[in-house]
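Each remark here refers to the structure printed beneath this line.
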Amino acid sequence: MSGTRIAVVAGDGIGLEVLPAGIRAVDAVAEVHGLRLDWHHLDWGSEFYRRHGRMLPVDGLEVLAQHDAIFLGAVGVPDIPDVETLWGLLIPIRRAFEQYINLRPVKTLPGVTNRVRTDEVIDLMIVRENNEGEYSEIGGRAYRGLPEEAAFQENVFTRKGVARAARFAAELAVSRGGRLTSATKSNGIVHTMPFWDEVVRDTLTDYPSVELRSELIDALAASLVLHPERYDVIVASNLFGDILSDLAGAVTGSIGSAPSANLNPERRHPSMFEPVHGSAPDIAGQGIANPIGQIWSGAMMLDALGHRPAAAHLTAAFEHVLAEGVRTRDLGGTASTEQFTSAVVAAVGGLADRYLGTDA
Ligand code: NAD
Ligand code: IPM
Ligand code: MN
C-alpha cells in the first residue's frame, strides 16, 4: 500500500534549516503511530529561479496536484525581487489549489514569557481569507513615464469569497469559545469593507450561538497587544490577517513559533502547511532558527490528513521540550535548531505511551 504523498518545498534562507527539522519531527511521530509518509523533495526556490528563470517548472502545479499535502519552508532572498519569488511560487499555489483559508493558531506556550506580560492564557485562531482582498491581481501595476507616476491595485471581495471565510470562522467559533471578531475598516476610506461587514453579518445569521463583534483594524491591532487573552476566533481579509498573524505571534513570544495551514477545506486539492515567518536572511545559515513554526505546521498537516492522535502527540512533544526550558534564541534560550529538534524527537519517544493506541 502506498503512503501519504507529501510534496516538500524548502525554499530559501532558514526554510532550508527549519524544513528538515519539521520533517524529522513529523517522521518521529509518524513512526510511533505507524503512518507511512512519502516525502517528495522539490528543489524549487530562488536557486531554481537563478538557473531556470522561474520559481517552479512549467508543470510544477500539476506535479503538486499529485500530492496529498504540501509542506513548505519559506521563500524569498534579498537579491531577487519578492514580486518574482512570491508571486512565482507561494501565491500561485494558494490560488491554484483554492486554499482560501489560512488558519493561524496563536497560543501561550509553556515556559515562554509572552511579550505583554499577561498572566492570562492566550489562545486564539486567526482565520485569514487567503485568495482575494488586497492581494488581487486586478490593476496591480505601476504606470511609469507619465508626468505623475502612479501604481494601482484593485481590492476585490466577492460574496462567495468572504462568505466562505466567515463560515469557516463561525464553525470554528462554535467548536471553541463561541466568540468571533471580524477585522474591518468600514469607517474609513476602504470602500470594500462595508461589503465585507455585510457578508460576514449575513453569514453569521446561520450561527445564532456565535457572538460576533466587528472591530476596526487599527484599534484591533492595539487591543491584541493590550488584551490578547480576550480573543477567540478572528476572521480577517488577506492583508489584515497577514499583519495580525505576525503581530499576535510576536505577542506570544516570537513569530518563529507561529504555524499556518493554507486549507482547501473541501479537500478537492492539496492543502499547504508552512510557518508564518519568512526566510529570515538576517539569521540564515547560522543554525539558530526556531523550528517550532515548521514543526507545529507539520502537526497541523497531520491533523488535516486525519491523523489526530499523531498531531496531538507532536504538539505535546514540542510543548514538553519548551516546558523543560529548552528554547532557541528568539525565545530567550541558547538551543540551536538542531538541539531543539533533537529534544522534540526524544520527547516524541518519551510521550509515546500516552498517545499510542489512540489512533482511529
Ligand atoms: P521574516 O519572517 O523572514 O523575518 C522577520 C524577523 O523575524 C527577522 O528578524 C527574523 O530573524 C525573525 N525570524 C523569523 N523567523 C524566525 C525563526 N524561525 N526563528 C528565529 N527568528 C525568526 O520576515 P522578513 O525579513 O520581512 O522577510 C524575509 C523574506 O521572507 C522576504 O523575502 C519575504 O518576502 C519573505 N517571506 C516569505 C514568507 C513565506 O515564504 N511564506 C513569509 C513571510 C516573508
Ligand atoms: C505570509 C507571507 C506572504 C503573504 C508573503 C511572503 C507573500 O507574508 O505567508 O504571511 O503575505 O501572504
Ligand atoms: Mn506574512
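Ordering of the C-alpha cells sets the chain letters (A, B, ...), residue numbers begin anew at 1 in every chain, and ligands are numbered from 1 in the order given.
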With only C-alpha atoms counted and 7 Å as the cut-off, give the residues of segment 102-212 of chain A in contact with segment 319-336 of chain A, each with its shortest interatomic distance in Å and the pair that gives it, as CSV.
```
residue,atom,partner,partner_atom,distance
A:Leu109,CA,A:Glu319,CA,6.7
A:Pro110,CA,A:Ala323,CA,5.0
A:Gly111,CA,A:Ala323,CA,4.8
A:Val112,CA,A:Leu331,CA,6.8
```
Tell me, as a tab-separated table (two decimals) with C-alpha atoms, in the first residue's frame, which residues lie within 10 Å of Leu124 of chain A, counting only C-alpha atoms; anything in the same chain fewer than 5 positions away does not count.
```tsv
chain	number	residue	atom	x	y	z
A	104	ARG	CA	-3.08	30.61	12.03
A	105	PRO	CA	-3.27	29.50	15.68
A	106	VAL	CA	-1.78	31.73	18.36
A	107	LYS	CA	-1.23	30.29	21.82
A	108	THR	CA	0.62	30.79	25.07
A	173	ALA	CA	-16.01	29.56	16.88
A	176	ARG	CA	-14.37	26.79	20.65
A	177	GLY	CA	-15.43	29.70	22.84
A	228	PRO	CA	-4.74	39.22	23.60
A	229	GLU	CA	-6.48	36.86	26.04
A	230	ARG	CA	-9.86	38.36	25.14
A	231	TYR	CA	-9.86	36.94	21.61
A	232	ASP	CA	-11.14	33.57	20.46
A	233	VAL	CA	-11.51	33.47	16.65
A	234	ILE	CA	-10.60	36.39	14.42
A	248	ALA	CA	-0.11	38.03	17.50
```
When you look at segment 69-77 of chain A with a cut-off of 6 Å (counting only C-alpha atoms), what residues show up, excluding the ones that are within fewer than 6 positions of it in the same chain? I need them as a compact mmCIF listing (two decimals) with C-alpha atoms, in the first residue's frame.
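Wrote it out as out.txt, contents follow:
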```txt
# COMPACT_ATOMS: atom_id res chain seq x y z
CA ILE A 6 3.77 14.95 0.68
CA ALA A 7 5.44 17.47 -1.62
CA VAL A 8 8.30 19.28 0.09
CA VAL A 9 9.47 22.74 -0.94
CA ALA A 10 12.15 24.01 1.45
CA GLY A 11 12.63 27.27 -0.46
CA ASP A 12 15.20 29.77 0.78
CA GLY A 15 13.41 27.49 5.12
CA LEU A 19 12.05 22.38 6.98
CA THR A 85 9.69 34.84 -5.93
CA PRO A 270 -3.86 19.55 -1.62
CA SER A 271 -3.53 21.96 1.27
CA MET A 272 -0.21 23.59 2.14
CA PHE A 273 1.43 23.84 5.56
CA GLU A 274 4.15 26.40 6.31
CA GLY A 278 9.70 34.17 6.10
CA SER A 279 13.20 33.18 5.05
```
Set the cut-off to 6 Å, count only C-alpha atoms and all ligand atoms, and list whatever residues fall near ligand 2 as a PyMOL selection string. chain A and resi 86+242+276
Which distance in Å separates atom CA of His313 of chain A and atom CA of Ile101 of chain A, to one decimal?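 Interatomic distance here is 24.4 Å.
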What do you get as a PDB file with C-alpha atoms, in the first residue's frame if you pick all residues at most 9 Å from ligand 3, counting only C-alpha atoms and all ligand atoms?
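Generated file (result.pdb):
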```
ATOM      1  CA  LEU A 239      -3.731  41.698   4.234  1.00  0.00           C
ATOM      2  CA  GLY A 241      -4.904  38.695   8.531  1.00  0.00           C
ATOM      3  CA  ASP A 242      -1.308  38.690   7.326  1.00  0.00           C
ATOM      4  CA  ILE A 243      -0.370  41.599   9.566  1.00  0.00           C
ATOM      5  CA  LEU A 244      -2.355  40.440  12.600  1.00  0.00           C
ATOM      6  CA  SER A 245      -0.768  36.992  12.490  1.00  0.00           C
ATOM      7  CA  ASP A 246       2.818  38.287  12.734  1.00  0.00           C
ATOM      8  CA  VAL A 276       4.039  32.158   9.283  1.00  0.00           C
ATOM      9  CA  HIS A 277       7.549  33.603   9.169  1.00  0.00           C
ATOM     10  CA  GLY A 278       9.698  34.174   6.098  1.00  0.00           C
TER      11      GLY A 278
END
```
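Closest approach to ligand 1 among A:Gly285, A:Gly349, A:Pro309, A:Gly188: A:Gly285, based on only C-alpha atoms and all ligand atoms.
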